[in-house]
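**Q** Okay, handing you the structure first.
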Amino acid sequence: MSTIQHLINGELVNDSGRTADVYNPSTGKVIHQVPLASRETIQQAIDTAKAAFPAWRNTPPAKRAQVMFRFKQLLEQNEARISQLISEEHGKTLEDAAGELKRGIENVEYACSAPEILKGEYSRNVGPNIDAWSDFQPIGVVAGITPFNFPAMVPLWMYPLAIVCGNCFILKPSERDPSSTLLIAQLLQEAGLPKGVLSVVHGDKTAVDALIEAPEVKALSFVGSTPIAEYIYAEGTRRGKRVQALGGAKNHAVLMPDADLDNAVSALMGAAYGSCGERCMAISVAVCVGDQVADALVAKLVPQIEALKIGAGTSCGLDMGPLVSGQARDKVSGYVADGVAAGAQLVVDGRGLSVKDHEDGFFLGGCLFDRVTPEMRIYKEEIFGPVLCIVRVNSLEAAMQLINDHEYGNGTCIFTRDGEAARLFCDEIEVGMVGVNVPLPVPVAYHSFGGWKRSLFGDLHAYGPDGVRFYTRRKAITQRWPQRASHEASQFAFPSL
Ligand code: NAD
């Protein structure tokens with residue numbers, strides 16, 4: 001069994017302190033040990049980032065972008081290897097792993113446009129002989145803390161853009177599936193990134209606290225569960241850091257009576273059960289407008305859920321792999337029991353699933369609840385597993401009220417053929433990312449990603465144009481070159497035109 005290493009100052013380094021087990025969730029076996037960095041190890045990474053910053057800050061953006069072009073090529077060449085590692089430690093299917101990598105590469109492509117996105121704003125003649133411009137300057141050393149569910153994509157939301165903006169980055173990936181994240185960072189080194197500009201340090205709360213407390217770390221990007229997001233936002237901002245902390249979710253899909261039901265069912269199956277429901281944009285609630293829609297939806301969903309192809313993530317042609325850990329599987333099963341006890345109707349029960357030759361894997365079949373009501377825990381809380389809840393309402397207004405009253409506001413979608421209903425929904429729903437007949441409205445890399453309410457703490461969304469703003473500081477420069485012969489008297493009134 002191998003021990004995973006940190007990547008500090010461009011080198012793979014061992015650590016002698018605490019470790020954690022990394023599982024293959026399809027077999028239930030421990031396959032690696034991952035080091036849990038001490039404060040000293042984190043400080044080592046911070047010191048190398050600080051040392052690398054002055055030269056990297058002054059490297060022309062076009063040169064920084066060239067590293068990203070080579071990085072993109074290496075990522076594409078290594079797609080199979082990276083997908084295999086994701087699948088082995090996370091459990092998601094190979095096709096799903098390749099999908100997250102492709103969405104991550106989109107962010108590298110966006111970062112390749114650094115010279116364009118950093119060129120600033122210029123105004124000539126804002127006053128007599130006066131020109132003004134805004135620069136977007138890097139912040140310095142910034143850190144990112146990422147979740148287990150997208151070990152390739154979520155880190156790629158952060159560091160390509162932060163780095164291309166001229167910052168040095170320390171990544172603390174999830175300790176549950178760190179191998180693909182580490183390999184990807186090594187590929188960026190191979191692409192020509194100077195040493196120290198990116199470090200990957202594995203760890204848990206100790207490592208995160210060291211990053212929060214270090215005065216050299218000027219900004220923190222976090223993606224994970226809401227309680228940790230709130231903690232990092234509060235502790236980071238209290239110390240004067242810039243923080244963007246993306247949290248959990250409960251995403252609703254509204255089904256209108258005029259929806260194209262067959263297509264909506266196909267979309268819902270993928271959005272609810274893909275990646276075993278372990279996506280922050282997974283649809284976990286279907287809000288049916290009218291009993292007729294709900295009855296028809298249940299009738300169409302049941303056979304499809306029962307026919308889900310579930311097996312070891314690393315095999316091809318599957319719909320779903322296992323959950324990430326035994327603890328995650330037991331937690332989701334606990335929610336299912338809770339829903340039954342609260343009076344929801346369990347139409348499909350995926351508990352107790354055993355996969356041949358993988359009897360110790362962390363598997364759970366797809367589950368479907370009907371007649372879920374808003375006061376139930378299975379409605380209120382993020383389950384993060386293959387469980388879809390159906391809530392029945394009588395009108396679009398009632399559906400929207402339900403969604404707007406929920407504490408999370410990450411993603412949502414509406415299935416309808418009615419443009420007026422769709423427009424009202426887009427306009428008035430209190431959720432950060434909205435789909436119309438699109439179940440997973442994850443914005444492309446040249447837009448920005450973020451939820452509302454308790455799904456995001458901070459002012460700016462992740463990646464895209466908001467990401468550029470997050471990883472840069474604006475400096476406004478006003479410059480005057482008076483004509484040589486002129487002499488101007490002092491002016492005591494506030495300068496104006
Ligand atoms: P998590 O909050 O358990 O862990 C996220 C990161 O925080 C990891 O790197 C982990 O090591 C670290 N961490 C864990 N406990 C900590 C503590 N006490 N103090 C400091 N750091 C700590 O989340 P997870 O289980 O890895 O990921 C799933 C969660 O992430 C879900 O809630 C999901 O909705 C959310 N998520 C949100 C988005 C989004 O964009 N909003 C995207 C992906 C995942």
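For the structure tokens, the naming scheme is as follows: chains receive sequential letters (A, B, ...) according to their order of presentation, residues are indexed from 1 within each chain, and ligands are indexed from 1 in presentation order.
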Would you list the residues that come within 9 Å of ligand 1? Count only C-alpha atoms and all ligand atoms and give the answer as a PDB file with C-alpha atoms, in the first residue's frame.
**A**
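Result written to part.pdb:
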ATOM      1  CA  GLY A 144      -7.987  26.577  -1.929  1.00  0.00           C
ATOM      2  CA  ILE A 145      -9.738  23.854   0.059  1.00  0.00           C
ATOM      3  CA  THR A 146     -11.748  21.390  -1.990  1.00  0.00           C
ATOM      4  CA  PRO A 147     -14.333  18.610  -1.470  1.00  0.00           C
ATOM      5  CA  PHE A 148     -14.199  14.917  -2.337  1.00  0.00           C
ATOM      6  CA  ASN A 149     -16.976  14.886  -4.902  1.00  0.00           C
ATOM      7  CA  PHE A 150     -15.081  16.567  -7.764  1.00  0.00           C
ATOM      8  CA  VAL A 154     -13.302  21.805  -8.385  1.00  0.00           C
ATOM      9  CA  LYS A 172      -5.578  21.448   0.258  1.00  0.00           C
ATOM     10  CA  PRO A 173      -7.623  18.792  -1.552  1.00  0.00           C
ATOM     11  CA  SER A 174     -10.023  16.340   0.056  1.00  0.00           C
ATOM     12  CA  GLU A 175      -8.146  13.701   2.006  1.00  0.00           C
ATOM     13  CA  ARG A 176     -10.651  11.095   0.769  1.00  0.00           C
ATOM     14  CA  HIS A 202      -2.965  17.024   2.033  1.00  0.00           C
ATOM     15  CA  GLY A 203      -4.619  17.293   5.388  1.00  0.00           C
ATOM     16  CA  ASP A 204      -7.606  17.857   7.591  1.00  0.00           C
ATOM     17  CA  LYS A 205      -8.788  20.588   9.970  1.00  0.00           C
ATOM     18  CA  THR A 206      -5.243  21.200  11.275  1.00  0.00           C
ATOM     19  CA  ALA A 207      -4.025  22.051   7.773  1.00  0.00           C
ATOM     20  CA  VAL A 208      -7.072  24.197   7.024  1.00  0.00           C
ATOM     21  CA  ASP A 209      -6.727  26.122  10.281  1.00  0.00           C
ATOM     22  CA  PHE A 222     -13.471  26.890  -0.251  1.00  0.00           C
ATOM     23  CA  VAL A 223     -15.922  24.368  -1.665  1.00  0.00           C
ATOM     24  CA  GLY A 224     -17.581  21.833   0.624  1.00  0.00           C
ATOM     25  CA  SER A 225     -20.392  21.434   3.112  1.00  0.00           C
ATOM     26  CA  THR A 226     -22.216  24.447   4.529  1.00  0.00           C
ATOM     27  CA  PRO A 227     -21.094  24.207   8.188  1.00  0.00           C
ATOM     28  CA  ILE A 228     -17.417  24.173   7.137  1.00  0.00           C
ATOM     29  CA  ALA A 229     -18.033  26.932   4.574  1.00  0.00           C
ATOM     30  CA  TYR A 231     -16.645  28.397   9.614  1.00  0.00           C
ATOM     31  CA  ILE A 232     -13.998  29.221   7.008  1.00  0.00           C
ATOM     32  CA  ALA A 245     -16.906  29.714   0.466  1.00  0.00           C
ATOM     33  CA  LEU A 246     -19.296  27.557  -1.523  1.00  0.00           C
ATOM     34  CA  GLY A 247     -21.488  25.249   0.538  1.00  0.00           C
ATOM     35  CA  GLY A 248     -24.153  22.578   0.302  1.00  0.00           C
ATOM     36  CA  ALA A 249     -27.385  22.395  -1.624  1.00  0.00           C
ATOM     37  CA  LYS A 250     -30.904  21.073  -2.030  1.00  0.00           C
ATOM     38  CA  GLU A 278     -22.941  13.091  -4.728  1.00  0.00           C
ATOM     39  CA  ARG A 279     -23.061  16.358  -6.664  1.00  0.00           C
ATOM     40  CA  CYS A 280     -23.764  19.809  -5.276  1.00  0.00           C
ATOM     41  CA  MET A 281     -25.982  20.388  -8.329  1.00  0.00           C
ATOM     42  CA  ALA A 282     -27.789  17.008  -8.090  1.00  0.00           C
ATOM     43  CA  ALA A 328     -21.627   8.092   3.719  1.00  0.00           C
ATOM     44  CA  GLU A 382     -28.830  17.785   2.071  1.00  0.00           C
ATOM     45  CA  ILE A 383     -28.752  13.969   1.807  1.00  0.00           C
ATOM     46  CA  PHE A 384     -25.934  13.731  -0.766  1.00  0.00           C
ATOM     47  CA  ASN A 410     -27.556  26.510  -5.320  1.00  0.00           C
ATOM     48  CA  PHE A 449     -20.621  29.434 -10.655  1.00  0.00           C
ATOM     49  CA  GLY A 450     -22.340  30.145  -7.362  1.00  0.00           C
ATOM     50  CA  GLY A 451     -25.432  29.644  -5.283  1.00  0.00           C
ATOM     51  CA  SER A 455     -25.040  27.763  -0.554  1.00  0.00           C
ATOM     52  CA  LEU A 456     -22.406  30.500  -0.840  1.00  0.00           C
ATOM     53  CA  ALA A 462     -16.395  31.000  -8.502  1.00  0.00           C
TER      54      ALA A 462
END
**Q** Write out as a list of chain:residue names which residues come within 10 Å of segment 121-135 of chain A when counting only C-alpha atoms, dropping same-chain ones fewer than 5 positions away.
**A**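 Non-adjacent residues within range: A:Thr472, A:Arg473, A:Arg474, A:Lys475, A:Ala476, A:Ile477, A:Thr478, A:Gln479, A:Arg480, A:Trp481, A:Pro482, A:Gln483, A:Pro495, A:Ser496, A:Leu497.
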**Q** Can you spit out the residues from that selection as a compact mmCIF listing (two decimals), in the first residue's frame, using all heavy atoms?
**A**
# COMPACT_ATOMS: atom_id res chain seq x y z
N THR A 472 -7.85 38.97 -8.11
CA THR A 472 -7.07 40.19 -8.39
C THR A 472 -7.56 41.34 -7.53
O THR A 472 -8.70 41.34 -7.07
CB THR A 472 -7.20 40.61 -9.87
OG1 THR A 472 -8.59 40.78 -10.18
CG2 THR A 472 -6.59 39.61 -10.82
N ARG A 473 -6.67 42.31 -7.36
CA ARG A 473 -7.04 43.55 -6.69
C ARG A 473 -7.02 44.65 -7.73
O ARG A 473 -6.07 44.75 -8.52
CB ARG A 473 -6.02 43.90 -5.61
CG ARG A 473 -6.21 43.11 -4.38
CD ARG A 473 -5.43 43.70 -3.25
NE ARG A 473 -4.00 43.58 -3.53
CZ ARG A 473 -3.06 43.84 -2.63
NH1 ARG A 473 -3.41 44.23 -1.44
NH2 ARG A 473 -1.78 43.71 -2.93
N ARG A 474 -8.02 45.47 -7.67
CA ARG A 474 -8.07 46.57 -8.64
C ARG A 474 -7.21 47.72 -8.12
O ARG A 474 -7.23 48.04 -6.93
CB ARG A 474 -9.52 47.03 -8.78
CG ARG A 474 -9.71 48.17 -9.75
CD ARG A 474 -11.13 48.65 -9.66
NE ARG A 474 -12.04 47.75 -10.35
CZ ARG A 474 -12.44 47.94 -11.60
NH1 ARG A 474 -12.01 48.97 -12.29
NH2 ARG A 474 -13.29 47.12 -12.17
N LYS A 475 -6.44 48.28 -9.01
CA LYS A 475 -5.70 49.49 -8.66
C LYS A 475 -6.06 50.54 -9.70
O LYS A 475 -5.92 50.30 -10.91
CB LYS A 475 -4.19 49.22 -8.66
CG LYS A 475 -3.39 50.41 -8.19
CD LYS A 475 -1.90 50.09 -8.15
CE LYS A 475 -1.53 49.34 -6.89
NZ LYS A 475 -0.09 49.01 -6.85
N ALA A 476 -6.56 51.69 -9.25
CA ALA A 476 -6.95 52.76 -10.18
C ALA A 476 -5.86 53.81 -10.19
O ALA A 476 -5.49 54.35 -9.14
CB ALA A 476 -8.27 53.36 -9.75
N ILE A 477 -5.30 54.08 -11.35
CA ILE A 477 -4.17 55.00 -11.47
C ILE A 477 -4.61 56.21 -12.29
O ILE A 477 -5.19 56.07 -13.37
CB ILE A 477 -2.98 54.29 -12.16
CG1 ILE A 477 -2.55 53.12 -11.26
CG2 ILE A 477 -1.82 55.25 -12.41
CD1 ILE A 477 -1.93 51.99 -11.98
N THR A 478 -4.36 57.40 -11.74
CA THR A 478 -4.68 58.63 -12.46
C THR A 478 -3.37 59.35 -12.71
O THR A 478 -2.61 59.60 -11.76
CB THR A 478 -5.64 59.50 -11.62
OG1 THR A 478 -6.76 58.68 -11.25
CG2 THR A 478 -6.13 60.70 -12.40
N GLN A 479 -3.08 59.70 -13.93
CA GLN A 479 -1.74 60.19 -14.28
C GLN A 479 -1.84 61.48 -15.09
O GLN A 479 -2.66 61.58 -16.01
CB GLN A 479 -1.04 59.11 -15.10
CG GLN A 479 0.32 59.51 -15.59
CD GLN A 479 1.00 58.33 -16.26
OE1 GLN A 479 1.66 57.54 -15.63
NE2 GLN A 479 0.81 58.20 -17.55
N ARG A 480 -1.01 62.44 -14.72
CA ARG A 480 -1.05 63.73 -15.43
C ARG A 480 0.35 64.09 -15.87
O ARG A 480 1.32 63.98 -15.11
CB ARG A 480 -1.57 64.78 -14.46
CG ARG A 480 -1.63 66.14 -15.03
CD ARG A 480 -2.24 67.05 -14.02
NE ARG A 480 -2.80 68.18 -14.69
CZ ARG A 480 -3.22 69.26 -14.07
NH1 ARG A 480 -3.19 69.30 -12.75
NH2 ARG A 480 -3.72 70.26 -14.73
N TRP A 481 0.46 64.59 -17.08
CA TRP A 481 1.74 65.10 -17.59
C TRP A 481 1.48 66.54 -18.06
O TRP A 481 1.13 66.77 -19.21
CB TRP A 481 2.24 64.24 -18.75
CG TRP A 481 2.58 62.83 -18.33
CD1 TRP A 481 1.87 61.71 -18.57
CD2 TRP A 481 3.71 62.43 -17.57
NE1 TRP A 481 2.47 60.61 -18.01
CE2 TRP A 481 3.63 61.03 -17.40
CE3 TRP A 481 4.81 63.11 -17.02
CZ2 TRP A 481 4.58 60.29 -16.69
CZ3 TRP A 481 5.76 62.37 -16.33
CH2 TRP A 481 5.64 60.98 -16.17
N PRO A 482 1.65 67.52 -17.12
CA PRO A 482 1.34 68.91 -17.51
C PRO A 482 2.28 69.40 -18.60
O PRO A 482 3.43 68.93 -18.68
CB PRO A 482 1.54 69.69 -16.21
CG PRO A 482 1.88 68.73 -15.15
CD PRO A 482 2.17 67.41 -15.77
N GLN A 483 1.80 70.34 -19.39
CA GLN A 483 2.69 70.88 -20.43
C GLN A 483 3.78 71.69 -19.75
O GLN A 483 3.53 72.41 -18.78
CB GLN A 483 1.87 71.72 -21.40
CG GLN A 483 1.05 70.80 -22.29
CD GLN A 483 -0.06 71.47 -23.04
OE1 GLN A 483 -0.24 72.68 -22.92
NE2 GLN A 483 -0.82 70.69 -23.76
N PRO A 495 -11.29 68.72 -6.61
CA PRO A 495 -11.12 68.77 -8.07
C PRO A 495 -12.32 68.21 -8.83
O PRO A 495 -12.80 67.13 -8.51
CB PRO A 495 -9.87 67.91 -8.31
CG PRO A 495 -9.55 67.25 -7.03
CD PRO A 495 -10.27 67.93 -5.94
N SER A 496 -12.78 68.99 -9.80
CA SER A 496 -13.89 68.51 -10.64
C SER A 496 -13.73 69.16 -12.00
O SER A 496 -12.93 70.07 -12.17
CB SER A 496 -15.24 68.90 -10.01
OG SER A 496 -15.37 70.30 -10.00
N LEU A 497 -14.49 68.70 -12.93
CA LEU A 497 -14.40 69.26 -14.28
C LEU A 497 -15.16 70.57 -14.35
O LEU A 497 -16.28 70.65 -13.87
CB LEU A 497 -14.98 68.28 -15.29
CG LEU A 497 -14.02 67.18 -15.77
CD1 LEU A 497 -14.74 66.28 -16.74
CD2 LEU A 497 -12.77 67.75 -16.43
**Q** So that each row is one residue of segment 285-336 of chain A with an atom at most 12 Å from segment 1-23 of chain A, can you give its shortest atom pair and the distance in Å to one decimal, using only C-alpha atoms, rows by chain and rising number, as a tab-separated table?
**A**
residue	atom	partner	partner_atom	distance
A:Pro322	CA	A:Tyr23	CA	11.6
A:Leu323	CA	A:Tyr23	CA	11.1
A:Val324	CA	A:Tyr23	CA	8.2
A:Ser325	CA	A:Tyr23	CA	7.5
A:Gly326	CA	A:Tyr23	CA	9.7
A:Gln327	CA	A:Tyr23	CA	11.8
**Q** Create the file for the chosen residues now, containing all heavy atoms and written as a PDB file, in the first residue's frame.
**A**
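Output contents, as saved in part_13.pdb:
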ATOM      1  N   PRO A 322     -20.513   3.176  -6.301  1.00  0.00           N
ATOM      2  CA  PRO A 322     -20.837   3.212  -4.875  1.00  0.00           C
ATOM      3  C   PRO A 322     -20.785   4.635  -4.330  1.00  0.00           C
ATOM      4  O   PRO A 322     -20.344   5.554  -5.015  1.00  0.00           O
ATOM      5  CB  PRO A 322     -19.690   2.398  -4.265  1.00  0.00           C
ATOM      6  CG  PRO A 322     -18.539   2.675  -5.191  1.00  0.00           C
ATOM      7  CD  PRO A 322     -19.124   2.789  -6.571  1.00  0.00           C
ATOM      8  N   LEU A 323     -21.212   4.797  -3.079  1.00  0.00           N
ATOM      9  CA  LEU A 323     -20.965   6.052  -2.360  1.00  0.00           C
ATOM     10  C   LEU A 323     -19.499   6.084  -1.941  1.00  0.00           C
ATOM     11  O   LEU A 323     -18.803   5.059  -1.975  1.00  0.00           O
ATOM     12  CB  LEU A 323     -21.895   6.159  -1.150  1.00  0.00           C
ATOM     13  CG  LEU A 323     -23.330   6.555  -1.536  1.00  0.00           C
ATOM     14  CD1 LEU A 323     -24.322   5.995  -0.546  1.00  0.00           C
ATOM     15  CD2 LEU A 323     -23.480   8.054  -1.653  1.00  0.00           C
ATOM     16  N   VAL A 324     -19.033   7.246  -1.504  1.00  0.00           N
ATOM     17  CA  VAL A 324     -17.592   7.417  -1.284  1.00  0.00           C
ATOM     18  C   VAL A 324     -17.059   6.620  -0.091  1.00  0.00           C
ATOM     19  O   VAL A 324     -15.910   6.201  -0.084  1.00  0.00           O
ATOM     20  CB  VAL A 324     -17.228   8.909  -1.159  1.00  0.00           C
ATOM     21  CG1 VAL A 324     -17.747   9.502   0.142  1.00  0.00           C
ATOM     22  CG2 VAL A 324     -15.732   9.133  -1.288  1.00  0.00           C
ATOM     23  N   SER A 325     -17.898   6.392   0.913  1.00  0.00           N
ATOM     24  CA  SER A 325     -17.420   5.692   2.106  1.00  0.00           C
ATOM     25  C   SER A 325     -18.560   4.920   2.760  1.00  0.00           C
ATOM     26  O   SER A 325     -19.754   5.184   2.487  1.00  0.00           O
ATOM     27  CB  SER A 325     -16.857   6.705   3.125  1.00  0.00           C
ATOM     28  OG  SER A 325     -17.900   7.548   3.576  1.00  0.00           O
ATOM     29  N   GLY A 326     -18.180   4.019   3.654  1.00  0.00           N
ATOM     30  CA  GLY A 326     -19.199   3.277   4.402  1.00  0.00           C
ATOM     31  C   GLY A 326     -20.015   4.227   5.269  1.00  0.00           C
ATOM     32  O   GLY A 326     -21.223   4.072   5.413  1.00  0.00           O
ATOM     33  N   GLN A 327     -19.337   5.230   5.775  1.00  0.00           N
ATOM     34  CA  GLN A 327     -20.012   6.218   6.627  1.00  0.00           C
ATOM     35  C   GLN A 327     -21.064   7.001   5.811  1.00  0.00           C
ATOM     36  O   GLN A 327     -22.185   7.221   6.273  1.00  0.00           O
ATOM     37  CB  GLN A 327     -18.942   7.176   7.140  1.00  0.00           C
ATOM     38  CG  GLN A 327     -19.331   7.952   8.365  1.00  0.00           C
ATOM     39  CD  GLN A 327     -18.224   8.969   8.700  1.00  0.00           C
ATOM     40  OE1 GLN A 327     -17.300   9.205   7.913  1.00  0.00           O
ATOM     41  NE2 GLN A 327     -18.324   9.560   9.861  1.00  0.00           N
TER      42      GLN A 327
END
**Q** Using DSSP on the backbone, list every residue of segment 72-167 of chain A that comes out as alpha helix (DSSP H), and give them as a ChimeraX atom specification.
**A** /A:72-77,79-90,94-111,114-117,153-164
**Q** Tell me, counting only C-alpha atoms, for each residue of segment 149-257 of chain A within 12 Å of segment 91-114 of chain A, which pair of atoms is nearest and how far apart they are in Å to one decimal, in rows ordered by chain and increasing number, as JSON lines.
**A**
{"residue": "A:Asn149", "atom": "CA", "partner": "A:Lys92", "partner_atom": "CA", "distance": 8.9}
{"residue": "A:Phe150", "atom": "CA", "partner": "A:Glu100", "partner_atom": "CA", "distance": 7.0}
{"residue": "A:Pro151", "atom": "CA", "partner": "A:Glu100", "partner_atom": "CA", "distance": 8.7}
{"residue": "A:Ala152", "atom": "CA", "partner": "A:Leu101", "partner_atom": "CA", "distance": 5.8}
{"residue": "A:Met153", "atom": "CA", "partner": "A:Gly104", "partner_atom": "CA", "distance": 4.2}
{"residue": "A:Val154", "atom": "CA", "partner": "A:Gly104", "partner_atom": "CA", "distance": 7.1}
{"residue": "A:Pro155", "atom": "CA", "partner": "A:Gly104", "partner_atom": "CA", "distance": 8.1}
{"residue": "A:Leu156", "atom": "CA", "partner": "A:Gly104", "partner_atom": "CA", "distance": 5.2}
{"residue": "A:Trp157", "atom": "CA", "partner": "A:Asn107", "partner_atom": "CA", "distance": 6.0}
{"residue": "A:Met158", "atom": "CA", "partner": "A:Asn107", "partner_atom": "CA", "distance": 8.5}
{"residue": "A:Tyr159", "atom": "CA", "partner": "A:Val108", "partner_atom": "CA", "distance": 9.1}
{"residue": "A:Pro160", "atom": "CA", "partner": "A:Val108", "partner_atom": "CA", "distance": 5.8}
{"residue": "A:Leu161", "atom": "CA", "partner": "A:Ala111", "partner_atom": "CA", "distance": 5.1}
{"residue": "A:Ala162", "atom": "CA", "partner": "A:Ala111", "partner_atom": "CA", "distance": 8.7}
{"residue": "A:Ile163", "atom": "CA", "partner": "A:Ala111", "partner_atom": "CA", "distance": 8.6}
{"residue": "A:Val164", "atom": "CA", "partner": "A:Ala114", "partner_atom": "CA", "distance": 6.2}
{"residue": "A:Cys165", "atom": "CA", "partner": "A:Ala114", "partner_atom": "CA", "distance": 6.9}
{"residue": "A:Gly166", "atom": "CA", "partner": "A:Ala114", "partner_atom": "CA", "distance": 9.6}
{"residue": "A:Arg176", "atom": "CA", "partner": "A:Gly91", "partner_atom": "CA", "distance": 11.1}
{"residue": "A:Asp177", "atom": "CA", "partner": "A:Gly91", "partner_atom": "CA", "distance": 9.5}
{"residue": "A:Ser180", "atom": "CA", "partner": "A:Leu101", "partner_atom": "CA", "distance": 10.0}
{"residue": "A:Thr181", "atom": "CA", "partner": "A:Leu101", "partner_atom": "CA", "distance": 10.5}
{"residue": "A:Ile184", "atom": "CA", "partner": "A:Leu101", "partner_atom": "CA", "distance": 9.9}
{"residue": "A:Leu188", "atom": "CA", "partner": "A:Val108", "partner_atom": "CA", "distance": 10.6}
**Q** Report the residues of segment 215-296 of chain A whose backbone DSSP state falls under strand (DSSP E or B), written as a PyMOL selection string.
**A** chain A and resi 217-223+242-246+251-255+283-289
**Q** For the selection just defined, write its residues with N, CA, C and O atoms to a file, as a short mmCIF file (atom, residue, chain, number, x, y, z; two decimals), in the first residue's frame.
**A**
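Result file is part_10.cif:
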data_model
loop_
_atom_site.label_atom_id
_atom_site.label_comp_id
_atom_site.auth_asym_id
_atom_site.auth_seq_id
_atom_site.Cartn_x
_atom_site.Cartn_y
_atom_site.Cartn_z
N VAL A 217 -1.29 34.26 3.84
CA VAL A 217 -2.35 33.80 2.91
C VAL A 217 -3.41 34.89 2.85
O VAL A 217 -4.06 35.20 3.84
N LYS A 218 -3.55 35.49 1.67
CA LYS A 218 -4.40 36.68 1.54
C LYS A 218 -5.83 36.35 1.15
O LYS A 218 -6.73 37.18 1.33
N ALA A 219 -6.05 35.18 0.55
CA ALA A 219 -7.41 34.84 0.12
C ALA A 219 -7.62 33.34 0.21
O ALA A 219 -6.67 32.56 0.05
N LEU A 220 -8.87 32.95 0.49
CA LEU A 220 -9.22 31.53 0.62
C LEU A 220 -10.42 31.23 -0.27
O LEU A 220 -11.44 31.94 -0.20
N SER A 221 -10.29 30.18 -1.08
CA SER A 221 -11.45 29.67 -1.82
C SER A 221 -11.81 28.34 -1.20
O SER A 221 -10.94 27.47 -1.06
N PHE A 222 -13.05 28.15 -0.86
CA PHE A 222 -13.47 26.89 -0.25
C PHE A 222 -14.67 26.36 -1.01
O PHE A 222 -15.57 27.11 -1.38
N VAL A 223 -14.71 25.04 -1.17
CA VAL A 223 -15.92 24.37 -1.66
C VAL A 223 -16.12 23.14 -0.80
O VAL A 223 -15.19 22.33 -0.63
N ARG A 242 -9.74 37.77 2.03
CA ARG A 242 -10.82 37.66 1.06
C ARG A 242 -11.25 36.20 1.05
O ARG A 242 -10.39 35.32 0.91
N VAL A 243 -12.54 35.92 1.23
CA VAL A 243 -12.98 34.51 1.28
C VAL A 243 -14.18 34.30 0.37
O VAL A 243 -15.10 35.12 0.33
N GLN A 244 -14.14 33.20 -0.33
CA GLN A 244 -15.29 32.77 -1.12
C GLN A 244 -15.52 31.32 -0.71
O GLN A 244 -14.62 30.50 -0.84
N ALA A 245 -16.67 31.04 -0.09
CA ALA A 245 -16.91 29.71 0.47
C ALA A 245 -18.23 29.16 -0.06
O ALA A 245 -19.30 29.66 0.29
N LEU A 246 -18.11 28.15 -0.92
CA LEU A 246 -19.30 27.56 -1.52
C LEU A 246 -19.72 26.35 -0.70
O LEU A 246 -18.88 25.51 -0.35
N ASN A 251 -31.38 20.90 -4.38
CA ASN A 251 -31.81 21.45 -5.67
C ASN A 251 -33.14 20.87 -6.10
O ASN A 251 -33.32 19.66 -6.15
N HIS A 252 -34.07 21.78 -6.42
CA HIS A 252 -35.43 21.38 -6.81
C HIS A 252 -35.59 21.43 -8.33
O HIS A 252 -35.12 22.38 -8.96
N ALA A 253 -36.33 20.46 -8.87
CA ALA A 253 -36.76 20.54 -10.27
C ALA A 253 -38.28 20.68 -10.26
O ALA A 253 -38.97 19.86 -9.63
N VAL A 254 -38.80 21.69 -10.92
CA VAL A 254 -40.26 21.86 -10.99
C VAL A 254 -40.77 21.21 -12.27
O VAL A 254 -40.23 21.47 -13.35
N LEU A 255 -41.78 20.38 -12.13
CA LEU A 255 -42.39 19.76 -13.32
C LEU A 255 -43.77 20.35 -13.52
O LEU A 255 -44.68 20.13 -12.71
N ILE A 283 -30.15 16.98 -8.57
CA ILE A 283 -31.55 17.25 -8.26
C ILE A 283 -31.97 16.26 -7.18
O ILE A 283 -31.89 15.04 -7.37
N SER A 284 -32.40 16.78 -6.03
CA SER A 284 -32.84 15.87 -4.97
C SER A 284 -34.31 16.02 -4.65
O SER A 284 -34.86 15.23 -3.88
N VAL A 285 -34.97 17.04 -5.23
CA VAL A 285 -36.42 17.20 -5.02
C VAL A 285 -37.08 17.46 -6.37
O VAL A 285 -36.66 18.35 -7.10
N ALA A 286 -38.13 16.68 -6.67
CA ALA A 286 -38.95 16.96 -7.85
C ALA A 286 -40.26 17.55 -7.34
O ALA A 286 -40.97 16.91 -6.57
N VAL A 287 -40.54 18.77 -7.74
CA VAL A 287 -41.78 19.44 -7.28
C VAL A 287 -42.79 19.33 -8.42
O VAL A 287 -42.60 19.93 -9.48
N CYS A 288 -43.83 18.53 -8.19
CA CYS A 288 -44.80 18.29 -9.25
C CYS A 288 -45.99 19.21 -9.09
O CYS A 288 -46.62 19.26 -8.02
N VAL A 289 -46.32 19.93 -10.16
CA VAL A 289 -47.47 20.83 -10.10
C VAL A 289 -48.70 20.03 -10.55
O VAL A 289 -48.93 19.82 -11.74
#
**Q** Between atom CA of Met400 of chain A and atom CA of Asp459 of chain A, what is the spacing in Å?
**A**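 Computing the Euclidean distance for atom CA of Asp459 of chain A and atom CA of Met400 of chain A yields 24.2 Å.
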**Q** Find the spatial neighbours of Gln401 of chain A, counting only C-alpha atoms, within a cut-off of 12 Å - ignore same-chain residues fewer than 3 positions away - and output them as a PyMOL selection string.
**A** chain A and resi 252+254+287+374+393-398+404-406+425+428-431
**Q** Considering only C-alpha atoms, return as a ChimeraX atom specification whatever protein or nucleic-acid residues lie within 12 Å of Asn263 of chain A, sequence-local ones (same chain, fewer than 6 positions apart) excluded.
**A** /A:255,269-270,297,300-301,415-417,437-439
**Q** A:Gly464, A:Pro35, A:Val434, A:Ala342: which is nearest Ser448 of chain A, counting only C-alpha atoms?
**A** A:Gly464
**Q** Of the candidates A:Lys63, A:Pro303, A:Ile310, A:Glu116, which shows the shortest atom-to-atom distance to Gly192 of chain A, using only C-alpha atoms?
**A**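 Among A:Lys63, A:Pro303, A:Ile310, A:Glu116, it is A:Lys63 that comes nearest to Gly192 of chain A.
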